Each structure stands twice: as C-alpha cells, then as structure tokens.
Amino acid sequence: MNEIKKKYLSISEVSEILNIKEHVIRHWDSIDPKTNKFRIDNLSIRTKGGTRFFDKNHIKRLSKLKNILIQNDKRNFSLDLASKIISQDNKFKTSELKFSKSGNLSSNQISENVDKIRSIVNRLKILINFK
C-alpha cells in the first residue's frame, strides 16, 4: 500500500492495490435491496453522480473485509458476519484485562478478568448468532 499518495483513490486503483475485482467492491459497497441499507457501511465516499472514491481508512476496511471473507483462497460468504466483525472491531480488546507487574494476579483480579472474558465471548456469540 505504499502507492497511496493521493488523498482519494478510484475504485480501479483500489482494486489493483488490494487485488479485489471492482465488481466485488461495488457489491460490498452497495445497498441491499431487501433491507434498503448498505451491505457494509463506510466503505467509500460517493459523489452526487455516484462515483466512488476511497481514502486510507476505506482501504483499510476493505482490506480487513477481504481478509475475513477470503482466507487461503477459500471464500467465506457471510458478508453480514464480516460486517459485524469490522464494526465491532474496537470493542474486543484484551488490553482491558488487568495484570500485575509481577504477573501474579489476586483472586479479585482473576475474577474481574474472567468476567471480562465471559462478556467478550458472549458478544462474539451474539455476533455469530450462536446460542
């Protein structure tokens, strides 16, 4: 991604950088006719004429989406799940867990960490609609 020197790139430039076909990017960045909502929010900026432009943040989101949906040349077709993971990305940080400098935890700290881990697991289950 060292080619990104302009503030905004066209869909063909992004397609080439990320090695994603243009029609795939358009599909991800389009409105779902069933829900009348974007399939994935905030993937591009559009002009009044409908031309898509992408900045560095949009390209990062597209790259994350590609990594979630395409792994080892195998496709995962759950666009809804990928969208939820991207939008919830900042909520699941292990930095919230508390550790002492020595690495030893009090029973209170262990209890707090277990509760936080359970909370994260429950949120992930909700994201994948697993009960």
# chains A, B, ... in the order shown; residues from 1 in each chain; ligands from 1
call {"tool": "residues_around", "arguments": {"residues": "Asp55 in chain A", "least_positions_apart": "5", "cutoff": "8 Å", "atoms": "only C-alpha atoms", "output": "PDB file with C-alpha atoms, in the first residue's frame"}}
result
ATOM      1  CA  LYS A   7      -5.943  11.539  -0.629  1.00  0.00           C
ATOM      2  CA  TYR A   8      -8.643   9.687  -2.593  1.00  0.00           C
ATOM      3  CA  LEU A   9      -8.312   6.772  -4.989  1.00  0.00           C
ATOM      4  CA  SER A  44     -16.373   4.660   0.227  1.00  0.00           C
TER       5      SER A  44
END
call {"tool": "residues_around", "arguments": {"residues": "Glu13 in chain A", "least_positions_apart": "2", "cutoff": "12 Å", "atoms": "only C-alpha atoms", "output": "ChimeraX atom specification"}}
result
/A:1,3-6,8-11,15-22,25,52-55,59
call {"tool": "atom_distance", "arguments": {"atom1": "CA of Asn42 in chain A", "atom2": "CA of His58 in chain A"}}
result
7.0 Å
call {"tool": "residues_around", "arguments": {"residues": "Val24 in chain A", "least_positions_apart": "4", "cutoff": "12 Å", "atoms": "only C-alpha atoms", "output": "ChimeraX atom specification"}}
result
/A:11-12,14-15,18-20,28-30,39,62,65-66,69-70,77,79
call {"tool": "write_last_selection", "arguments": {"atoms": "N, CA and C atoms", "output": "PDB file, in the first residue's frame"}}
result
ATOM      1  N   ILE A  11     -11.982   3.423  -7.730  1.00  0.00           N
ATOM      2  CA  ILE A  11     -12.249   2.009  -7.486  1.00  0.00           C
ATOM      3  C   ILE A  11     -11.257   1.129  -8.248  1.00  0.00           C
ATOM      4  N   SER A  12     -10.835   1.556  -9.445  1.00  0.00           N
ATOM      5  CA  SER A  12      -9.879   0.745 -10.205  1.00  0.00           C
ATOM      6  C   SER A  12      -8.513   0.723  -9.514  1.00  0.00           C
ATOM      7  N   VAL A  14      -8.000   1.080  -6.218  1.00  0.00           N
ATOM      8  CA  VAL A  14      -8.158   0.264  -5.009  1.00  0.00           C
ATOM      9  C   VAL A  14      -8.210  -1.213  -5.382  1.00  0.00           C
ATOM     10  N   SER A  15      -8.909  -1.519  -6.461  1.00  0.00           N
ATOM     11  CA  SER A  15      -8.999  -2.894  -6.943  1.00  0.00           C
ATOM     12  C   SER A  15      -7.619  -3.468  -7.228  1.00  0.00           C
ATOM     13  N   LEU A  18      -5.520  -3.839  -3.752  1.00  0.00           N
ATOM     14  CA  LEU A  18      -5.965  -4.917  -2.857  1.00  0.00           C
ATOM     15  C   LEU A  18      -6.175  -6.256  -3.575  1.00  0.00           C
ATOM     16  N   ASN A  19      -6.044  -6.233  -4.904  1.00  0.00           N
ATOM     17  CA  ASN A  19      -6.277  -7.443  -5.694  1.00  0.00           C
ATOM     18  C   ASN A  19      -7.689  -7.997  -5.463  1.00  0.00           C
ATOM     19  N   ILE A  20      -8.644  -7.087  -5.534  1.00  0.00           N
ATOM     20  CA  ILE A  20     -10.062  -7.434  -5.437  1.00  0.00           C
ATOM     21  C   ILE A  20     -10.721  -6.900  -6.706  1.00  0.00           C
ATOM     22  N   TRP A  28     -19.968  -5.122  -2.249  1.00  0.00           N
ATOM     23  CA  TRP A  28     -19.815  -4.875  -0.817  1.00  0.00           C
ATOM     24  C   TRP A  28     -20.290  -3.474  -0.448  1.00  0.00           C
ATOM     25  N   ASP A  29     -20.099  -2.522  -1.363  1.00  0.00           N
ATOM     26  CA  ASP A  29     -20.408  -1.121  -1.095  1.00  0.00           C
ATOM     27  C   ASP A  29     -21.777  -0.709  -1.662  1.00  0.00           C
ATOM     28  N   SER A  30     -22.638  -1.663  -1.888  1.00  0.00           N
ATOM     29  CA  SER A  30     -23.945  -1.332  -2.468  1.00  0.00           C
ATOM     30  C   SER A  30     -25.061  -1.490  -1.428  1.00  0.00           C
ATOM     31  N   ARG A  39     -24.774  -2.759   2.458  1.00  0.00           N
ATOM     32  CA  ARG A  39     -24.331  -4.075   2.918  1.00  0.00           C
ATOM     33  C   ARG A  39     -23.261  -3.902   4.000  1.00  0.00           C
ATOM     34  N   LEU A  62     -11.650  -2.204   3.649  1.00  0.00           N
ATOM     35  CA  LEU A  62     -11.770  -3.168   2.552  1.00  0.00           C
ATOM     36  C   LEU A  62     -10.756  -4.299   2.705  1.00  0.00           C
ATOM     37  N   LEU A  65     -11.958  -6.587   5.423  1.00  0.00           N
ATOM     38  CA  LEU A  65     -13.085  -7.346   4.907  1.00  0.00           C
ATOM     39  C   LEU A  65     -12.594  -8.470   4.005  1.00  0.00           C
ATOM     40  N   LYS A  66     -11.670  -8.167   3.139  1.00  0.00           N
ATOM     41  CA  LYS A  66     -11.104  -9.188   2.256  1.00  0.00           C
ATOM     42  C   LYS A  66     -10.458 -10.297   3.074  1.00  0.00           C
ATOM     43  N   LEU A  69     -13.212 -12.456   4.616  1.00  0.00           N
ATOM     44  CA  LEU A  69     -14.026 -13.210   3.663  1.00  0.00           C
ATOM     45  C   LEU A  69     -13.228 -14.169   2.792  1.00  0.00           C
ATOM     46  N   ILE A  70     -11.965 -13.896   2.576  1.00  0.00           N
ATOM     47  CA  ILE A  70     -11.165 -14.748   1.699  1.00  0.00           C
ATOM     48  C   ILE A  70      -9.904 -15.158   2.453  1.00  0.00           C
ATOM     49  N   PHE A  77     -18.734 -16.714   2.665  1.00  0.00           N
ATOM     50  CA  PHE A  77     -19.750 -15.863   2.063  1.00  0.00           C
ATOM     51  C   PHE A  77     -20.614 -15.121   3.074  1.00  0.00           C
ATOM     52  N   LEU A  79     -21.189 -12.189   4.499  1.00  0.00           N
ATOM     53  CA  LEU A  79     -20.923 -10.757   4.461  1.00  0.00           C
ATOM     54  C   LEU A  79     -21.475 -10.067   5.702  1.00  0.00           C
TER      55      LEU A  79
END
call {"tool": "select_by_dssp", "arguments": {"residues": "range 23-66 of chain A", "states": "strand (DSSP E or B)", "output": "PyMOL selection string"}}
result
chain A and resi 31-32+37-38+45-46+52-54
call {"tool": "atom_distance", "arguments": {"atom1": "CA of Ser63 in chain A", "atom2": "CA of Gly50 in chain A"}}
result
22.0 Å
call {"tool": "atom_distance", "arguments": {"atom1": "CA of Ile120 in chain A", "atom2": "CA of Lys60 in chain A"}}
result
23.8 Å
